$ cat upload04.txt   # compact mmCIF, C-alpha atoms and all ligand atoms
# COMPACT_ATOMS: atom_id res chain seq x y z
CA MET A 288 -54.46 -68.60 -1.55
CA THR A 289 -54.76 -70.25 -4.93
CA VAL A 290 -51.73 -71.50 -6.82
CA GLU A 291 -51.81 -68.37 -8.98
CA GLY A 292 -51.89 -66.00 -5.99
CA ALA A 293 -49.12 -67.97 -4.26
CA ASP A 294 -47.03 -67.78 -7.39
CA TRP A 295 -47.32 -63.97 -7.61
CA ALA A 296 -46.41 -63.69 -3.94
CA ARG A 297 -43.34 -65.91 -4.41
CA ARG A 298 -42.17 -63.98 -7.48
CA SER A 299 -42.85 -60.71 -5.67
CA LEU A 300 -40.49 -61.66 -2.85
CA ARG A 301 -37.76 -62.33 -5.37
CA ALA A 302 -38.26 -59.31 -7.65
CA LEU A 303 -39.72 -56.57 -5.42
CA TRP A 304 -38.50 -54.80 -2.36
CA HIS A 305 -41.68 -53.99 -0.42
CA PRO A 306 -42.07 -50.65 1.40
CA CYS A 307 -41.73 -50.36 5.15
CA THR A 308 -41.19 -54.12 5.29
CA GLN A 309 -38.59 -56.50 6.72
CA MET A 310 -38.44 -58.81 3.72
CA LYS A 311 -37.18 -61.77 5.78
CA LEU A 312 -40.39 -61.82 7.83
CA HIS A 313 -42.24 -62.57 4.61
CA GLU A 314 -40.56 -66.01 4.47
CA ASP A 315 -43.33 -67.54 6.58
CA ASP A 316 -45.95 -64.93 5.88
CA PRO A 317 -45.93 -63.88 2.21
CA PRO A 318 -47.70 -60.76 0.93
CA LEU A 319 -51.26 -61.25 -0.25
CA ALA A 320 -51.58 -61.03 -4.03
CA ILE A 321 -54.62 -58.94 -4.95
CA ALA A 322 -56.29 -59.78 -8.25
CA ARG A 323 -58.87 -57.00 -8.34
CA ALA A 324 -60.83 -54.59 -6.18
CA ALA A 325 -64.31 -53.08 -6.17
CA GLY A 326 -65.88 -50.66 -3.70
CA PRO A 327 -64.24 -51.14 -0.30
CA TRP A 328 -63.27 -54.75 -1.13
CA LEU A 329 -59.96 -56.22 -2.25
CA TYR A 330 -60.14 -59.68 -3.83
CA ASP A 331 -57.42 -62.33 -3.95
CA PHE A 332 -56.95 -64.85 -6.76
CA ALA A 333 -59.35 -67.27 -5.11
CA GLY A 334 -62.04 -64.58 -5.22
CA ARG A 335 -61.95 -64.06 -1.45
CA GLY A 336 -62.87 -60.52 -0.37
CA TYR A 337 -61.08 -58.38 2.23
CA LEU A 338 -62.62 -55.16 3.52
CA ASP A 339 -60.08 -52.39 2.92
CA ALA A 340 -60.51 -50.71 6.31
CA VAL A 341 -57.34 -48.63 5.97
CA ALA A 342 -58.29 -47.31 2.51
CA SER A 343 -55.04 -48.68 1.03
CA TRP A 344 -52.79 -46.51 3.19
CA TRP A 345 -55.38 -43.75 3.65
CA VAL A 346 -55.81 -42.83 0.01
CA ASN A 347 -59.12 -44.32 -1.06
CA LEU A 348 -62.23 -42.22 -0.47
CA PHE A 349 -64.97 -43.52 -2.75
CA GLY A 350 -64.10 -47.15 -3.26
CA HIS A 351 -62.03 -49.06 -5.77
CA ALA A 352 -63.20 -49.21 -9.41
CA ASN A 353 -65.41 -46.18 -8.85
CA PRO A 354 -67.26 -45.73 -12.15
CA ARG A 355 -67.10 -41.92 -12.08
CA ILE A 356 -63.36 -41.76 -11.44
CA ASP A 357 -62.72 -44.57 -13.94
CA ALA A 358 -64.66 -42.66 -16.60
CA ALA A 359 -62.88 -39.36 -15.91
CA ILE A 360 -59.44 -40.95 -16.26
CA ALA A 361 -60.44 -42.85 -19.42
CA ALA A 362 -61.83 -39.68 -21.01
CA GLN A 363 -58.72 -37.69 -20.09
CA MET A 364 -56.50 -40.42 -21.51
CA ARG A 365 -58.08 -39.95 -24.93
CA GLU A 366 -57.18 -36.23 -24.88
CA LEU A 367 -53.89 -35.85 -23.03
CA SER A 368 -52.14 -38.11 -20.53
CA HIS A 369 -49.18 -35.98 -19.63
CA VAL A 370 -47.20 -32.96 -20.69
CA MET A 371 -44.46 -31.25 -18.73
CA LEU A 372 -45.67 -28.31 -16.71
CA ALA A 373 -42.64 -26.09 -17.38
CA GLY A 374 -43.42 -23.92 -20.38
CA PHE A 375 -46.77 -25.72 -20.89
CA THR A 376 -50.07 -25.96 -19.11
CA HIS A 377 -53.34 -27.85 -19.50
CA ARG A 378 -56.99 -27.65 -18.61
CA PRO A 379 -57.16 -30.30 -15.82
CA ALA A 380 -54.25 -28.73 -13.89
CA VAL A 381 -55.69 -25.22 -14.18
CA MET A 382 -59.19 -26.33 -13.20
CA LEU A 383 -57.87 -28.32 -10.27
CA ALA A 384 -55.72 -25.44 -8.99
CA GLU A 385 -58.71 -23.08 -9.21
CA ARG A 386 -61.08 -25.48 -7.49
CA LEU A 387 -58.63 -26.34 -4.69
CA ALA A 388 -58.04 -22.65 -4.01
CA ALA A 389 -61.81 -22.09 -3.82
CA LEU A 390 -62.24 -24.97 -1.36
CA ALA A 391 -59.20 -24.33 0.82
CA PRO A 392 -59.02 -21.83 3.67
CA PRO A 393 -58.90 -18.27 2.30
CA GLY A 394 -55.80 -16.77 0.74
CA LEU A 395 -54.20 -19.96 -0.62
CA GLY A 396 -54.46 -19.12 -4.30
CA HIS A 397 -51.21 -20.54 -5.71
CA ALA A 398 -50.92 -24.29 -6.35
CA PHE A 399 -47.58 -26.05 -6.81
CA PHE A 400 -48.10 -29.67 -7.93
CA ALA A 401 -45.93 -32.71 -7.27
CA SER A 402 -46.39 -36.46 -7.24
CA ASP A 403 -46.59 -37.69 -3.66
CA GLY A 404 -46.94 -36.59 -0.08
CA ALA A 405 -43.27 -36.49 0.84
CA SER A 406 -42.56 -34.25 -2.17
CA ALA A 407 -45.26 -31.86 -1.00
CA THR A 408 -43.50 -31.64 2.36
CA GLU A 409 -40.16 -31.02 0.62
CA ILE A 410 -41.73 -28.25 -1.44
CA ALA A 411 -43.26 -26.52 1.57
CA LEU A 412 -39.95 -26.69 3.47
CA LYS A 413 -37.89 -25.38 0.56
CA MET A 414 -40.42 -22.67 -0.28
CA SER A 415 -40.59 -21.48 3.30
CA PHE A 416 -36.80 -21.30 3.72
CA HIS A 417 -36.28 -19.76 0.30
CA CYS A 418 -39.01 -17.21 0.91
CA TRP A 419 -37.34 -15.93 4.10
CA SER A 420 -33.95 -15.97 2.44
CA ARG A 421 -35.33 -13.94 -0.50
CA ARG A 422 -36.43 -11.40 2.09
CA GLY A 423 -32.92 -11.22 3.53
CA GLN A 424 -33.61 -13.46 6.54
CA ARG A 425 -31.20 -16.27 5.74
CA ALA A 426 -30.85 -17.30 9.38
CA LYS A 427 -34.41 -18.62 9.27
CA SER A 428 -33.41 -22.11 8.19
CA ARG A 429 -34.80 -24.42 10.86
CA PHE A 430 -38.15 -26.13 11.15
CA ALA A 431 -40.02 -26.84 14.36
CA ARG A 432 -41.91 -30.12 14.44
CA LEU A 433 -44.26 -31.82 16.86
CA GLY A 434 -43.44 -34.94 18.85
CA GLY A 435 -44.95 -37.93 17.04
CA GLY A 436 -45.40 -35.94 13.83
CA TYR A 437 -45.11 -37.61 10.43
CA HIS A 438 -44.50 -35.80 7.15
CA GLY A 439 -43.01 -38.42 4.83
CA GLU A 440 -39.75 -40.29 4.46
CA THR A 441 -37.56 -38.59 1.88
CA VAL A 442 -34.50 -37.07 3.54
CA GLY A 443 -35.95 -33.58 3.97
CA ALA A 444 -39.40 -34.78 5.02
CA LEU A 445 -37.87 -37.30 7.42
CA GLY A 446 -36.00 -34.40 9.01
CA VAL A 447 -39.35 -33.03 10.25
CA THR A 448 -40.84 -36.45 10.99
CA ASP A 449 -40.66 -37.49 14.63
CA VAL A 450 -41.18 -41.24 14.50
CA ALA A 451 -38.06 -42.79 16.06
CA LEU A 452 -38.23 -46.05 14.08
CA PHE A 453 -38.12 -44.18 10.77
CA ARG A 454 -35.48 -41.62 11.84
CA GLU A 455 -32.90 -43.61 13.74
CA ALA A 456 -31.16 -45.39 10.87
CA TYR A 457 -30.83 -42.14 8.92
CA ALA A 458 -30.15 -39.72 11.75
CA PRO A 459 -26.79 -38.45 10.39
CA LEU A 460 -28.51 -37.38 7.16
CA LEU A 461 -31.28 -35.42 8.80
CA HIS A 462 -31.73 -31.73 9.34
CA GLU A 463 -32.04 -31.12 13.07
CA GLY A 464 -34.72 -28.80 14.34
CA PRO A 465 -36.53 -28.31 17.63
CA VAL A 466 -39.17 -30.88 18.63
CA LEU A 467 -42.19 -29.48 20.44
CA PRO A 468 -44.48 -31.46 22.72
CA SER A 469 -47.47 -32.85 20.82
CA PRO A 470 -50.80 -31.25 21.69
CA ALA A 471 -52.38 -34.72 21.61
CA ALA A 472 -52.84 -36.35 25.02
CA ARG A 473 -51.59 -39.92 25.18
CA ASP A 474 -52.34 -42.84 27.49
CA GLY A 475 -55.40 -41.30 29.08
CA ALA A 476 -53.72 -37.99 30.01
CA ASP A 477 -55.91 -34.90 30.31
CA PRO A 478 -56.40 -33.46 26.78
CA GLU A 479 -56.76 -29.84 27.91
CA ALA A 480 -53.62 -30.05 30.02
CA ALA A 481 -51.60 -31.63 27.19
CA LEU A 482 -52.76 -28.89 24.86
CA ASP A 483 -51.80 -26.14 27.31
CA VAL A 484 -48.34 -27.65 27.81
CA ALA A 485 -47.86 -27.83 24.04
CA LEU A 486 -48.92 -24.22 23.56
CA ALA A 487 -46.70 -22.94 26.34
CA ALA A 488 -43.71 -24.76 24.79
CA LEU A 489 -44.51 -23.35 21.37
CA GLU A 490 -44.76 -19.83 22.73
CA ALA A 491 -41.48 -20.18 24.62
CA LEU A 492 -39.71 -21.55 21.53
CA LEU A 493 -40.98 -18.73 19.34
CA GLU A 494 -39.91 -16.11 21.87
CA ARG A 495 -36.47 -17.65 22.10
CA SER A 496 -35.70 -18.68 18.50
CA ALA A 497 -38.12 -17.18 15.96
CA GLY A 498 -35.10 -15.56 14.29
CA GLU A 499 -33.79 -18.93 13.16
CA LEU A 500 -37.11 -20.65 12.50
CA ALA A 501 -38.57 -20.74 9.00
CA ALA A 502 -41.71 -22.66 9.89
CA LEU A 503 -43.66 -24.85 12.25
CA ILE A 504 -45.01 -27.96 10.53
CA VAL A 505 -48.07 -29.76 11.93
CA GLU A 506 -50.60 -32.42 11.04
CA PRO A 507 -53.85 -30.61 11.90
CA LEU A 508 -56.12 -32.40 14.45
CA VAL A 509 -54.80 -35.94 13.91
CA GLN A 510 -51.20 -37.15 13.99
CA GLY A 511 -51.66 -40.18 11.75
CA ALA A 512 -48.55 -42.32 11.47
CA GLY A 513 -47.60 -41.32 15.03
CA GLY A 514 -50.57 -43.41 16.28
CA MET A 515 -53.79 -41.56 15.34
CA ALA A 516 -53.21 -39.10 18.18
CA MET A 517 -56.03 -36.54 18.18
CA TYR A 518 -56.16 -33.01 19.54
CA ALA A 519 -58.57 -30.08 19.64
CA PRO A 520 -58.71 -27.21 17.10
CA ARG A 521 -57.77 -24.74 19.86
CA TYR A 522 -54.10 -25.65 19.38
CA LEU A 523 -54.19 -24.73 15.71
CA ALA A 524 -55.97 -21.44 16.33
CA ARG A 525 -53.40 -20.37 18.91
CA ALA A 526 -50.43 -21.76 16.93
CA ARG A 527 -51.57 -19.69 13.95
CA GLU A 528 -51.74 -16.55 16.10
CA LEU A 529 -48.33 -17.15 17.64
CA THR A 530 -46.50 -18.07 14.42
CA ALA A 531 -47.96 -15.05 12.61
CA ARG A 532 -46.94 -12.75 15.44
CA HIS A 533 -43.37 -14.11 15.43
CA ASP A 534 -42.94 -14.16 11.64
CA VAL A 535 -42.71 -17.93 11.39
CA HIS A 536 -44.60 -19.82 8.67
CA LEU A 537 -47.21 -22.39 9.54
CA ILE A 538 -47.17 -25.49 7.31
CA ALA A 539 -50.39 -27.52 7.58
CA ASP A 540 -49.69 -31.03 6.38
CA GLU A 541 -53.19 -32.19 5.44
CA ILE A 542 -51.89 -35.05 3.32
CA MET A 543 -53.88 -37.47 5.46
CA THR A 544 -56.49 -35.18 7.07
CA GLY A 545 -57.53 -33.41 3.86
CA PHE A 546 -60.54 -34.24 1.68
CA GLY A 547 -63.03 -34.85 4.44
CA ARG A 548 -61.16 -37.33 6.64
CA THR A 549 -61.63 -35.32 9.86
CA GLY A 550 -65.24 -34.38 9.11
CA THR A 551 -64.64 -31.09 7.31
CA MET A 552 -63.10 -30.74 3.84
CA PHE A 553 -59.85 -29.65 5.49
CA ALA A 554 -59.03 -30.02 9.19
CA CYS A 555 -57.84 -26.37 9.37
CA GLU A 556 -61.47 -25.28 8.86
CA GLN A 557 -62.32 -26.53 12.35
CA ALA A 558 -59.94 -23.95 13.81
CA ALA A 559 -60.97 -21.32 11.25
CA ILE A 560 -57.33 -20.77 10.28
CA ALA A 561 -55.40 -20.44 7.04
CA PRO A 562 -51.81 -21.73 7.10
CA ASP A 563 -49.04 -20.26 4.92
CA PHE A 564 -48.65 -23.65 3.21
CA LEU A 565 -51.27 -26.35 2.84
CA CYS A 566 -49.91 -29.76 1.77
CA LEU A 567 -52.35 -32.13 0.08
CA SER A 568 -52.05 -35.63 -1.39
CA LYS A 569 -53.40 -39.11 -0.54
CA GLY A 570 -57.19 -38.74 -0.97
CA ILE A 571 -56.76 -36.07 -3.64
CA THR A 572 -57.22 -38.58 -6.50
CA GLY A 573 -59.52 -40.87 -4.53
CA GLY A 574 -56.69 -43.38 -4.25
CA TYR A 575 -56.18 -43.76 -7.99
CA LEU A 576 -53.00 -41.97 -9.02
CA PRO A 577 -50.05 -40.28 -7.33
CA LEU A 578 -50.55 -36.53 -7.05
CA SER A 579 -49.81 -33.89 -4.46
CA CYS A 580 -50.11 -30.18 -4.17
CA VAL A 581 -48.87 -27.33 -1.99
CA LEU A 582 -51.15 -24.32 -1.81
CA THR A 583 -49.68 -21.03 -0.69
CA THR A 584 -50.38 -17.33 -0.34
CA ASP A 585 -49.85 -14.22 -2.48
CA ARG A 586 -47.30 -13.09 0.08
CA VAL A 587 -45.10 -16.14 -0.50
CA PHE A 588 -45.70 -16.19 -4.25
CA ASP A 589 -44.87 -12.49 -4.63
CA THR A 590 -41.55 -12.97 -2.85
CA PHE A 591 -40.35 -15.08 -5.77
CA TYR A 592 -41.82 -12.85 -8.47
CA ALA A 593 -38.75 -11.25 -10.08
CA ASP A 594 -36.84 -11.01 -13.35
CA GLY A 595 -34.20 -13.70 -12.84
CA VAL A 596 -34.58 -17.48 -12.93
CA ALA A 597 -32.27 -17.69 -9.92
CA GLN A 598 -34.93 -15.86 -7.90
CA ALA A 599 -37.61 -18.37 -8.88
CA PHE A 600 -38.70 -21.31 -6.78
CA LEU A 601 -36.33 -23.94 -8.09
CA HIS A 602 -38.06 -27.26 -7.83
CA SER A 603 -39.53 -29.71 -10.31
CA HIS A 604 -40.73 -33.28 -10.68
CA SER A 605 -41.06 -34.96 -14.07
CA TYR A 606 -44.71 -35.81 -13.45
CA THR A 607 -45.68 -32.46 -11.90
CA GLY A 608 -49.39 -31.89 -12.48
CA ASN A 609 -49.93 -35.12 -14.43
CA ALA A 610 -53.11 -34.69 -16.47
CA LEU A 611 -54.59 -38.11 -15.69
CA ALA A 612 -54.07 -37.57 -11.97
CA CYS A 613 -55.60 -34.08 -12.19
CA ALA A 614 -58.62 -35.52 -14.03
CA ALA A 615 -59.05 -38.11 -11.27
CA ALA A 616 -58.84 -35.31 -8.67
CA LEU A 617 -61.46 -33.27 -10.53
CA ALA A 618 -63.76 -36.32 -10.55
CA VAL A 619 -63.20 -36.64 -6.79
CA LEU A 620 -64.18 -32.99 -6.27
CA ASP A 621 -67.27 -33.54 -8.45
CA ILE A 622 -68.31 -36.43 -6.22
CA PHE A 623 -67.84 -34.28 -3.10
CA GLU A 624 -70.00 -31.58 -4.64
CA HIS A 625 -72.76 -33.58 -6.34
CA ASP A 626 -73.20 -36.10 -3.54
CA GLY A 627 -72.97 -33.58 -0.70
CA VAL A 628 -70.30 -35.84 0.79
CA ILE A 629 -69.27 -33.62 3.72
CA ALA A 630 -72.87 -33.31 4.97
CA ALA A 631 -73.55 -37.02 4.38
CA ASN A 632 -70.33 -37.89 6.21
CA ARG A 633 -71.53 -36.05 9.32
CA GLU A 634 -74.40 -38.55 9.58
CA ARG A 635 -72.15 -41.41 8.57
CA ALA A 636 -69.64 -40.49 11.29
CA SER A 637 -72.32 -40.63 13.97
CA ARG A 638 -73.59 -43.96 12.65
CA TRP A 639 -70.00 -45.29 12.73
CA ARG A 640 -69.74 -44.06 16.33
CA MET A 641 -72.80 -46.13 17.29
CA LEU A 642 -71.66 -49.15 15.30
CA ALA A 643 -68.20 -49.02 16.95
CA ARG A 644 -69.69 -49.08 20.45
CA PRO A 645 -69.22 -52.84 21.02
CA LEU A 646 -65.47 -52.16 20.90
CA ALA A 647 -65.69 -50.02 24.02
CA ASP A 648 -67.08 -53.01 25.93
CA HIS A 649 -64.14 -55.23 25.08
CA PRO A 650 -61.93 -55.56 28.19
CA ARG A 651 -58.69 -54.98 26.22
CA VAL A 652 -59.84 -51.93 24.26
CA ARG A 653 -58.81 -48.53 25.59
CA GLY A 654 -58.75 -44.97 24.40
CA LEU A 655 -61.54 -45.44 21.83
CA ARG A 656 -61.71 -42.15 19.94
CA GLN A 657 -63.02 -40.65 16.74
CA CYS A 658 -62.29 -37.63 14.61
CA GLY A 659 -64.70 -37.49 11.68
CA MET A 660 -64.06 -40.54 9.52
CA ILE A 661 -61.21 -41.93 11.66
CA ILE A 662 -61.79 -44.26 14.61
CA ALA A 663 -58.87 -45.50 16.71
CA PHE A 664 -58.15 -47.35 19.95
CA GLU A 665 -55.36 -49.11 21.77
CA VAL A 666 -55.29 -52.81 22.60
CA GLY A 667 -54.10 -53.53 26.12
CA ALA A 668 -51.67 -56.38 26.96
CA ALA A 669 -50.76 -56.40 23.28
CA GLY A 670 -47.49 -58.30 23.65
CA PRO A 671 -44.55 -58.36 21.23
CA ARG A 672 -45.11 -57.96 17.49
CA PHE A 673 -48.77 -57.23 18.10
CA ALA A 674 -49.19 -55.22 14.91
CA ARG A 675 -48.07 -58.12 12.70
CA ARG A 676 -50.01 -60.76 14.58
CA PHE A 677 -53.14 -58.63 14.59
CA ALA A 678 -52.88 -57.77 10.89
CA SER A 679 -52.65 -61.51 10.03
CA ALA A 680 -55.54 -62.37 12.35
CA ALA A 681 -57.60 -59.60 10.75
CA LEU A 682 -56.76 -60.70 7.21
CA ALA A 683 -57.74 -64.27 8.02
CA ARG A 684 -61.12 -62.83 9.06
CA GLY A 685 -61.65 -60.84 5.88
CA ILE A 686 -60.57 -57.36 7.01
CA VAL A 687 -57.49 -55.28 6.20
CA LEU A 688 -56.12 -53.52 9.28
CA ARG A 689 -52.54 -52.43 9.94
CA PRO A 690 -52.08 -51.37 13.56
CA ILE A 691 -49.44 -48.81 14.48
CA GLY A 692 -47.82 -50.42 17.52
CA ASP A 693 -50.81 -51.29 19.73
CA THR A 694 -53.06 -48.70 18.07
CA VAL A 695 -55.73 -50.14 15.81
CA TYR A 696 -57.56 -47.71 13.55
CA PHE A 697 -60.38 -47.69 11.01
CA MET A 698 -60.08 -45.38 8.06
CA PRO A 699 -62.23 -47.04 5.41
CA PRO A 700 -63.46 -45.50 2.17
CA TYR A 701 -66.42 -43.21 2.97
CA THR A 702 -68.64 -45.46 0.87
CA VAL A 703 -68.68 -48.49 3.21
CA THR A 704 -72.26 -49.40 4.08
CA ASP A 705 -73.47 -49.66 7.67
CA ASP A 706 -73.58 -53.44 7.26
CA GLU A 707 -69.98 -53.46 6.09
CA PHE A 708 -68.97 -51.25 9.00
CA ALA A 709 -70.75 -53.57 11.45
CA PHE A 710 -68.92 -56.51 9.84
CA LEU A 711 -65.64 -54.64 10.34
CA VAL A 712 -66.36 -54.12 14.06
CA GLU A 713 -67.46 -57.73 14.56
CA ARG A 714 -64.37 -59.15 12.83
CA THR A 715 -62.08 -56.71 14.67
CA LEU A 716 -63.37 -58.02 18.00
CA LEU A 717 -62.59 -61.59 16.86
CA ALA A 718 -59.12 -60.53 15.68
CA ILE A 719 -58.35 -58.90 19.05
CA ASP A 720 -59.19 -62.15 20.83
CA ALA A 721 -57.13 -64.18 18.35
CA ALA A 722 -54.02 -61.97 18.25
C1 LIG B 801 -48.63 -40.23 4.15
C2 LIG B 801 -48.25 -38.93 4.68
C3 LIG B 801 -47.16 -38.23 4.12
C4 LIG B 801 -46.29 -38.79 3.03
O1 LIG B 801 -46.99 -39.04 1.85
P1 LIG B 801 -46.37 -40.08 0.79
O2 LIG B 801 -47.25 -39.96 -0.39
O3 LIG B 801 -46.46 -41.42 1.46
O4 LIG B 801 -44.97 -39.67 0.54
C5 LIG B 801 -46.88 -36.99 4.64
N1 LIG B 801 -47.61 -36.46 5.64
C6 LIG B 801 -48.66 -37.10 6.18
C7 LIG B 801 -49.44 -36.45 7.26
C8 LIG B 801 -49.00 -38.37 5.74
O5 LIG B 801 -50.01 -39.03 6.31

$ encode --input "upload04.txt" --output "structure tokens"
Amino acid sequence: MTVEGADWARRSLRALWHPCTQMKLHEDDPPLAIARAAGPWLYDFAGRGYLDAVASWWVNLFGHANPRIDAAIAAQMRELSHVMLAGFTHRPAVMLAERLAALAPPGLGHAFFASDGASATEIALKMSFHCWSRRGQRAKSRFARLGGGYHGETVGALGVTDVALFREAYAPLLHEGPVLPSPAARDGADPEAALDVALAALEALLERSAGELAALIVEPLVQGAGGMAMYAPRYLARARELTARHDVHLIADEIMTGFGRTGTMFACEQAAIAPDFLCLSKGITGGYLPLSCVLTTDRVFDTFYADGVAQAFLHSHSYTGNALACAAALAVLDIFEHDGVIAANRERASRWRMLARPLADHPRVRGLRQCGMIIAFEVGAAGPRFARRFASAALARGIVLRPIGDTVYFMPPYTVTDDEFAFLVERTLLAIDAA
């Protein structure tokens, strides 16, 4: 690092409190100060490039400094940056709501905007509970979650997150609800069997306690923060059937899986289902600006449609439907449309599969798997603090990777070239040997 980069890192440790970080561990291993970024590359103050293989926490789809997104935000800024969305509206928010509804599974025609993923989870939870309570079913106040599920870290969202490390310290604050077995097979278990066990448990829970359940919340097809655990669409199809039959909402948290990450625009498409609530964020602005959205049905919307304010859905964020963020999201949807991104990604995904093959031959790599534009594997004999050691070894070799425990994953912007992807695989193999 240059003197300038080192100086920003030092000042950062004094002035900032970094997310999901034990600050003391930064004493010997300071954060990397990034000066600029372009395409899939982050650059430090010495001009050294690092391939952003985790898309800056899963948000970046079309590269940094993307000229089309840059231009859309700049143009929007000259017209309107922000206006509150209570009592006012604006073109980018309306256009985005209309276009999301047209792209999403059928029947999700009402968009409620917020600013980040966790807020989208909060909104879906509150809306679901409030909807049942408006219909006189006040006992329906609990939420079923999946083992290893992740839905954000605000107090309500953490209540339906099932990652022990994140929950433990805050347990007394959290809403308790039933935890169902994950449909994703782990450690080489049989995927079909795991899925059947998960479905049987869901069915039993619904038969027993549907009267007190507002919703089941799931990450469709890939449980991200829980270790990139993947499962087949069959679970979603059956879960939709069962929840509908038992009058329990289905919340599809596509904050990570949405916008093409699993190979289709939304993961729910692969099971041909429509949830009652679809939560979107992360890739929605291509990694530019914070924005999230919950799409829901006429049935839910109509439940709140009444004369009194007290009957309304009572929730707001200052930056709800920020115009710059909506303009970025519209530019992202334009790119999807004009570049035929979903079709192109099908080919890209199979090229990535071929390029990732050398990983399978490494003696310490197990469980190599792919779902669309996500590739993940475990590293055997990882040893203590593997994730940190591996991330440093990767960074020293010009790639940004942040393992979850012993799970290493690739989730780069869709725009990485085949050469860049091959570079990623080659450097990953070196980092495994070094860590
Ligand atoms: C990241 C994530 C969230 C939380 O989003 P934030 O913007 O980080 O609050 C929720 N659910 C899933 C599936 C996520 O991957």

$ residues_near_ligand --input "upload04.txt" --ligand "ligand LIG 801 (chain B)" --cutoff "8 Å" --atoms "all atoms listed in the file" --output "list in words"
Trp344, Trp345, Ser402, Asp403, Gly404, Ala405, Ser406, Ala407, Thr408, Gly436, Tyr437, His438, Gly439, Glu440, Thr441, Ala444, Glu506, Gln510, Gly511, Ala512, Asp540, Glu541, Ile542, Met543, Thr544, Ser568, Lys569, Pro577 and Ser579 of chain A

$ atom_distance --input "upload04.txt" --atom1 "CA of Ala663 (chain A)" --atom2 "CA of Trp328 (chain A)"
20.6 Å

$ closest_residue --input "upload04.txt" --among "A:Ala431, A:Val505, A:Ala322, A:Val341" --to "Val703 (chain A)" --atoms "all atoms listed in the file"
A:Val341

$ closest_atom_pairs --input "upload04.txt" --of "region 316-424 of chain A" --to "region 666-690 of chain A" --cutoff "12 Å" --atoms "all atoms listed in the file" --output "CSV"
residue,atom,partner,partner_atom,distance
A:Asp316,CA,A:Ser679,CA,8.6
A:Pro317,CA,A:Ser679,CA,10.6
A:Pro318,CA,A:Ser679,CA,10.4
A:Leu319,CA,A:Leu682,CA,9.3
A:Pro327,CA,A:Val687,CA,10.2
A:Trp328,CA,A:Ile686,CA,9.0
A:Leu329,CA,A:Val687,CA,8.9
A:Tyr330,CA,A:Gly685,CA,9.9
A:Asp331,CA,A:Gly685,CA,10.8
A:Gly334,CA,A:Gly685,CA,11.7
A:Arg335,CA,A:Gly685,CA,8.0
A:Gly336,CA,A:Gly685,CA,6.4
A:Tyr337,CA,A:Gly685,CA,4.4
A:Leu338,CA,A:Ile686,CA,4.6
A:Asp339,CA,A:Val687,CA,5.1
A:Ala340,CA,A:Val687,CA,5.5
A:Val341,CA,A:Leu688,CA,6.0
A:Ala342,CA,A:Val687,CA,8.8
A:Ser343,CA,A:Val687,CA,8.7
A:Trp344,CA,A:Arg689,CA,9.0
A:Trp345,CA,A:Arg689,CA,11.1

$ write_last_selection --input "upload04.txt" --atoms "C-alpha atoms" --output "compact mmCIF listing (two decimals), keeping the file's coordinate frame"
# COMPACT_ATOMS: atom_id res chain seq x y z
CA ASP A 316 -45.95 -64.93 5.88
CA PRO A 317 -45.93 -63.88 2.21
CA PRO A 318 -47.70 -60.76 0.93
CA LEU A 319 -51.26 -61.25 -0.25
CA PRO A 327 -64.24 -51.14 -0.30
CA TRP A 328 -63.27 -54.75 -1.13
CA LEU A 329 -59.96 -56.22 -2.25
CA TYR A 330 -60.14 -59.68 -3.83
CA ASP A 331 -57.42 -62.33 -3.95
CA GLY A 334 -62.04 -64.58 -5.22
CA ARG A 335 -61.95 -64.06 -1.45
CA GLY A 336 -62.87 -60.52 -0.37
CA TYR A 337 -61.08 -58.38 2.23
CA LEU A 338 -62.62 -55.16 3.52
CA ASP A 339 -60.08 -52.39 2.92
CA ALA A 340 -60.51 -50.71 6.31
CA VAL A 341 -57.34 -48.63 5.97
CA ALA A 342 -58.29 -47.31 2.51
CA SER A 343 -55.04 -48.68 1.03
CA TRP A 344 -52.79 -46.51 3.19
CA TRP A 345 -55.38 -43.75 3.65

$ closest_residue --input "upload04.txt" --among "A:Glu463, A:Glu455, A:Glu291, A:Glu479" --to "Arg432 (chain A)" --atoms "all atoms listed in the file"
A:Glu463

$ closest_residue --input "upload04.txt" --among "A:Ile360, A:Ile504, A:Val290, A:Val581" --to "Phe332 (chain A)" --atoms "all atoms listed in the file"
A:Val290

$ atom_distance --input "upload04.txt" --atom1 "CA of Ala554 (chain A)" --atom2 "CA of Gly396 (chain A)"
17.9 Å

$ atom_distance --input "upload04.txt" --atom1 "CA of Thr530 (chain A)" --atom2 "CA of Glu490 (chain A)"
8.7 Å

$ closest_residue --input "upload04.txt" --among "A:Gly498, A:Leu489, A:Ser415, A:Ala615" --to "Leu537 (chain A)" --atoms "all atoms listed in the file"
A:Ser415

$ residues_around --input "upload04.txt" --residues "Cys555 (chain A)" --least-positions-apart "4" --cutoff "8 Å" --atoms "all atoms listed in the file" --output "MDAnalysis selection string"
chainID A and resid 392 507 520 523 539 559:562

$ residues_around --input "upload04.txt" --residues "region 616-633 of chain A" --least-positions-apart "6" --cutoff "8 Å" --atoms "all atoms listed in the file" --output "list of chain:residue names"
A:Arg355, A:Ile356, A:Ala359, A:Pro379, A:Met382, A:Leu383, A:Gly547, A:Gly550, A:Thr551, A:Met552, A:Ile571, A:Thr572, A:Gly573, A:Gly659, A:Met660, A:Tyr701

$ closest_atom_pairs --input "upload04.txt" --of "region 389-477 of chain A" --to "region 365-372 of chain A" --cutoff "12 Å" --atoms "only C-alpha atoms" --output "JSON lines"
{"residue": "A:Phe399", "atom": "CA", "partner": "A:Leu372", "partner_atom": "CA", "distance": 10.3}
{"residue": "A:Phe400", "atom": "CA", "partner": "A:Leu372", "partner_atom": "CA", "distance": 9.2}
{"residue": "A:Ala401", "atom": "CA", "partner": "A:Leu372", "partner_atom": "CA", "distance": 10.4}
